[in-house]
Amino acid sequence: MATVIELKQQFLQGRLKFGIVAAVIIVVVFIILDGLVFVSAGHVGVIFDQGRGVLENEIDEGVHLKVPFWQQATVMDARTQEYTMSIATEEGAIKGDDSIESRTKDGQVVWVDATVLFHIDKTEADDIKRELGAEEEYMTKIVRPRAREAVRTAVAKYNALDLVSETRSDVVKEMENLLTEAYGRHNIVLEEVVLRNITYSSDFANAIEEKEVARQRIKTAEYQKDQAVELKEKIIIEAQAAAEAIRLKGEALRNNPEVIQLEFVNKLAPNVTWGILPNSVTPLLNVPQL
């Protein structure tokens, strides 16, 4: 009986030891894993220390060590990112109509669809983390509101039709200048502003369409006028050429009267056997028939 009890105690002790060892291994694994920081390509890491706050030295791509549980790592995307504001309900970061309502210099209300391309300054990732927080926060705090503000400010400097004419590139350049400065103050680098679409009010759009139709009619009328002028000039040139040909032929006949006689004979019908000739015309006789 004692042997059975001893065996049972040994078994329980063995399980306890195994449990302790397993727990220690699990804790060690957790400590090791928490002490590792994996930074993938195109990203940058920032360390927050419980005692010192956000550390200044950023972590580049690769595997790095940190103090387990005492330090937390934030991995930030340093690649090109885009933020789209669109009237299309399925586009952009915010579902639904997220276009930017703006007013032009001449008082027209327009809705602008735009995309902003940017990336964070990797060398200043610690300041971004300290000032703005994670990616979602600098999107909502800086990227979105500054983009909408820049679009409205730029649009207000131009007339409505300038937004769809040759000056469209100037409007985009104005937006980029404004955002380069605004984003730069927060260590965000602007790459490009894409002006995707301009939507006018229905009344103004109809007015533009009517103006375009009228312009096309004017162009058609001008084309028809040019064609008529060309046709007139062609007829005049052809008439002048014909008159010149007649004049030259007349001079040739006057200088060579024999040609007239020859043409006269050639014009006679084959069955004509006699005729009255002018005194100045020398008769041509068919000798064999005499």
# chains A, B, ... in the order shown; residues from 1 in each chain; ligands from 1
>>> select_by_dssp(residues="stretch 39-232 of chain A", states="helix (DSSP H, G or I)", output="JSON, numbers by chain")
{"A": [122, 123, 124, 125, 126, 127, 128, 129, 130, 131, 135, 136, 137, 138, 139, 140, 141, 142, 143, 144, 145, 146, 147, 148, 149, 150, 151, 152, 153, 154, 155, 160, 161, 162, 163, 164, 168, 169, 170, 171, 172, 173, 174, 175, 176, 177, 178, 179, 180, 181, 182, 183, 184, 202, 203, 204, 205, 206, 207, 208, 209, 210, 211, 212, 213, 214, 215, 216, 217, 218, 219, 220, 221, 222, 223, 224, 225, 226, 227, 228, 229, 230, 231, 232]}
>>> residues_around(residues="stretch 30-44 of chain A", least_positions_apart="2", cutoff="6 Å", atoms="only C-alpha atoms", output="list in words")
Val27, Val28, Ile59, Asp60, Glu61, Gly62, Val63, His64, Leu65, Lys66, Val67, Pro68, Val75, Met76, Asp77, Ala78 and Arg79 of chain A
>>> write_last_selection(atoms="N, CA and C atoms", output="mmCIF file, in the first residue's frame")
data_model
loop_
_atom_site.group_PDB
_atom_site.id
_atom_site.type_symbol
_atom_site.label_atom_id
_atom_site.label_comp_id
_atom_site.auth_asym_id
_atom_site.auth_seq_id
_atom_site.Cartn_x
_atom_site.Cartn_y
_atom_site.Cartn_z
ATOM 1 N N VAL A 27 7.205 31.399 -19.973
ATOM 2 C CA VAL A 27 7.535 32.763 -19.554
ATOM 3 C C VAL A 27 8.785 33.257 -20.278
ATOM 4 N N VAL A 28 9.783 32.378 -20.370
ATOM 5 C CA VAL A 28 11.022 32.757 -21.053
ATOM 6 C C VAL A 28 10.750 33.083 -22.524
ATOM 7 N N ILE A 59 14.530 52.858 -35.100
ATOM 8 C CA ILE A 59 14.972 51.498 -35.416
ATOM 9 C C ILE A 59 14.763 51.260 -36.903
ATOM 10 N N ASP A 60 15.822 50.882 -37.586
ATOM 11 C CA ASP A 60 15.732 50.625 -39.021
ATOM 12 C C ASP A 60 15.193 49.223 -39.291
ATOM 13 N N GLU A 61 15.136 48.875 -40.563
ATOM 14 C CA GLU A 61 14.623 47.567 -40.971
ATOM 15 C C GLU A 61 15.484 46.445 -40.388
ATOM 16 N N GLY A 62 14.830 45.351 -39.984
ATOM 17 C CA GLY A 62 15.543 44.209 -39.426
ATOM 18 C C GLY A 62 14.990 43.810 -38.067
ATOM 19 N N VAL A 63 15.768 42.987 -37.335
ATOM 20 C CA VAL A 63 15.379 42.498 -36.007
ATOM 21 C C VAL A 63 16.223 43.222 -34.963
ATOM 22 N N HIS A 64 15.562 43.717 -33.922
ATOM 23 C CA HIS A 64 16.243 44.487 -32.877
ATOM 24 C C HIS A 64 15.764 44.027 -31.502
ATOM 25 N N LEU A 65 16.530 44.401 -30.471
ATOM 26 C CA LEU A 65 16.204 44.030 -29.095
ATOM 27 C C LEU A 65 15.711 45.247 -28.323
ATOM 28 N N LYS A 66 14.834 44.973 -27.363
ATOM 29 C CA LYS A 66 14.381 46.003 -26.429
ATOM 30 C C LYS A 66 14.193 45.354 -25.068
ATOM 31 N N VAL A 67 14.017 46.159 -24.035
ATOM 32 C CA VAL A 67 13.790 45.628 -22.694
ATOM 33 C C VAL A 67 12.374 45.065 -22.633
ATOM 34 N N PRO A 68 12.236 43.762 -22.373
ATOM 35 C CA PRO A 68 10.892 43.161 -22.378
ATOM 36 C C PRO A 68 9.959 43.823 -21.362
ATOM 37 N N VAL A 75 5.911 50.263 -34.796
ATOM 38 C CA VAL A 75 6.446 50.192 -36.156
ATOM 39 C C VAL A 75 5.568 51.055 -37.058
ATOM 40 N N MET A 76 6.189 52.013 -37.736
ATOM 41 C CA MET A 76 5.452 52.980 -38.550
ATOM 42 C C MET A 76 5.783 52.794 -40.026
ATOM 43 N N ASP A 77 4.789 52.969 -40.869
ATOM 44 C CA ASP A 77 4.950 52.820 -42.316
ATOM 45 C C ASP A 77 5.621 54.070 -42.885
ATOM 46 N N ALA A 78 6.796 53.891 -43.496
ATOM 47 C CA ALA A 78 7.523 55.024 -44.080
ATOM 48 C C ALA A 78 7.437 55.031 -45.601
ATOM 49 N N ARG A 79 6.627 54.152 -46.155
ATOM 50 C CA ARG A 79 6.453 54.113 -47.609
ATOM 51 C C ARG A 79 5.449 55.186 -48.042
#
>>> atom_distance(atom1="atom CA of A:Glu137", atom2="atom CA of A:Glu174")
25.9 Å
>>> residues_around(residues="stretch 117-122 of chain A", least_positions_apart="5", cutoff="8 Å", atoms="only C-alpha atoms", output="list in words")
Val44, Glu58, Asp77, Ala78, Arg79, Thr80, Gln81, Glu82, Tyr83, Asn187, Ile188, Val189, Leu190, Glu191, Glu192, Val193 and Val194 of chain A
>>> select_by_dssp(residues="stretch 94-270 of chain A", states="strand (DSSP E or B)", output="PyMOL selection string")
chain A and resi 100-103+109-120+188-200
>>> atom_distance(atom1="atom CA of A:Ile87", atom2="atom CA of A:His186")
27.9 Å
>>> atom_distance(atom1="atom CA of A:Thr74", atom2="atom CA of A:Gly53")
12.6 Å
>>> residues_around(residues="A:Val171", least_positions_apart="3", cutoff="8 Å", atoms="only C-alpha atoms", output="VMD selection string")
chain A and resid 154 to 155 158 163 167 to 168 174 to 175
>>> write_last_selection(atoms="C-alpha atoms", output="mmCIF file, in the first residue's frame")
data_model
loop_
_atom_site.group_PDB
_atom_site.id
_atom_site.type_symbol
_atom_site.label_atom_id
_atom_site.label_comp_id
_atom_site.auth_asym_id
_atom_site.auth_seq_id
_atom_site.Cartn_x
_atom_site.Cartn_y
_atom_site.Cartn_z
ATOM 1 C CA ALA A 154 -6.331 77.102 -53.574
ATOM 2 C CA VAL A 155 -9.756 76.876 -55.239
ATOM 3 C CA TYR A 158 -9.324 80.822 -59.189
ATOM 4 C CA LEU A 163 -10.292 74.458 -62.664
ATOM 5 C CA THR A 167 -4.660 76.709 -65.446
ATOM 6 C CA ARG A 168 -5.683 73.455 -63.718
ATOM 7 C CA GLU A 174 -0.911 75.971 -55.348
ATOM 8 C CA MET A 175 -2.322 73.043 -53.355
#
>>> residues_around(residues="A:Gln50", least_positions_apart="2", cutoff="9 Å", atoms="only C-alpha atoms", output="list in words")
Phe48, Arg52, Gly53, Val54, Trp70, Gln71 and Gln72 of chain A
>>> write_last_selection(atoms="N, CA and C atoms", output="compact mmCIF listing (two decimals), in the first residue's frame")
# COMPACT_ATOMS: atom_id res chain seq x y z
N PHE A 48 9.24 53.23 -27.02
CA PHE A 48 8.75 54.01 -25.87
C PHE A 48 9.23 53.33 -24.60
N ARG A 52 11.76 56.85 -19.61
CA ARG A 52 12.33 57.97 -20.36
C ARG A 52 11.44 58.49 -21.48
N GLY A 53 10.34 57.82 -21.74
CA GLY A 53 9.45 58.25 -22.81
C GLY A 53 9.92 57.74 -24.16
N VAL A 54 9.57 58.46 -25.22
CA VAL A 54 9.95 58.05 -26.58
C VAL A 54 11.44 58.29 -26.78
N TRP A 70 9.14 46.45 -20.41
CA TRP A 70 9.43 47.81 -19.94
C TRP A 70 9.41 48.81 -21.10
N GLN A 71 9.72 48.31 -22.25
CA GLN A 71 9.71 49.15 -23.44
C GLN A 71 8.71 48.60 -24.46
N GLN A 72 8.02 49.51 -25.14
CA GLN A 72 7.08 49.12 -26.20
C GLN A 72 7.57 49.70 -27.54
>>> closest_residue(among="A:Ala228, A:Glu56, A:Ile20, A:Val46", to="A:Gly133", atoms="only C-alpha atoms")
A:Val46
>>> residues_around(residues="A:Ala93", least_positions_apart="2", cutoff="12 Å", atoms="only C-alpha atoms", output="list in words")
Gln81, Glu82, Tyr83, Thr84, Met85, Ser86, Ile87, Ala88, Thr89, Glu90, Glu91, Lys95, Gly96, Asp97, Asp98, Ser99, Ala114, Thr115, Val116, Glu136, Met139, Thr140, Val143 and Arg144 of chain A
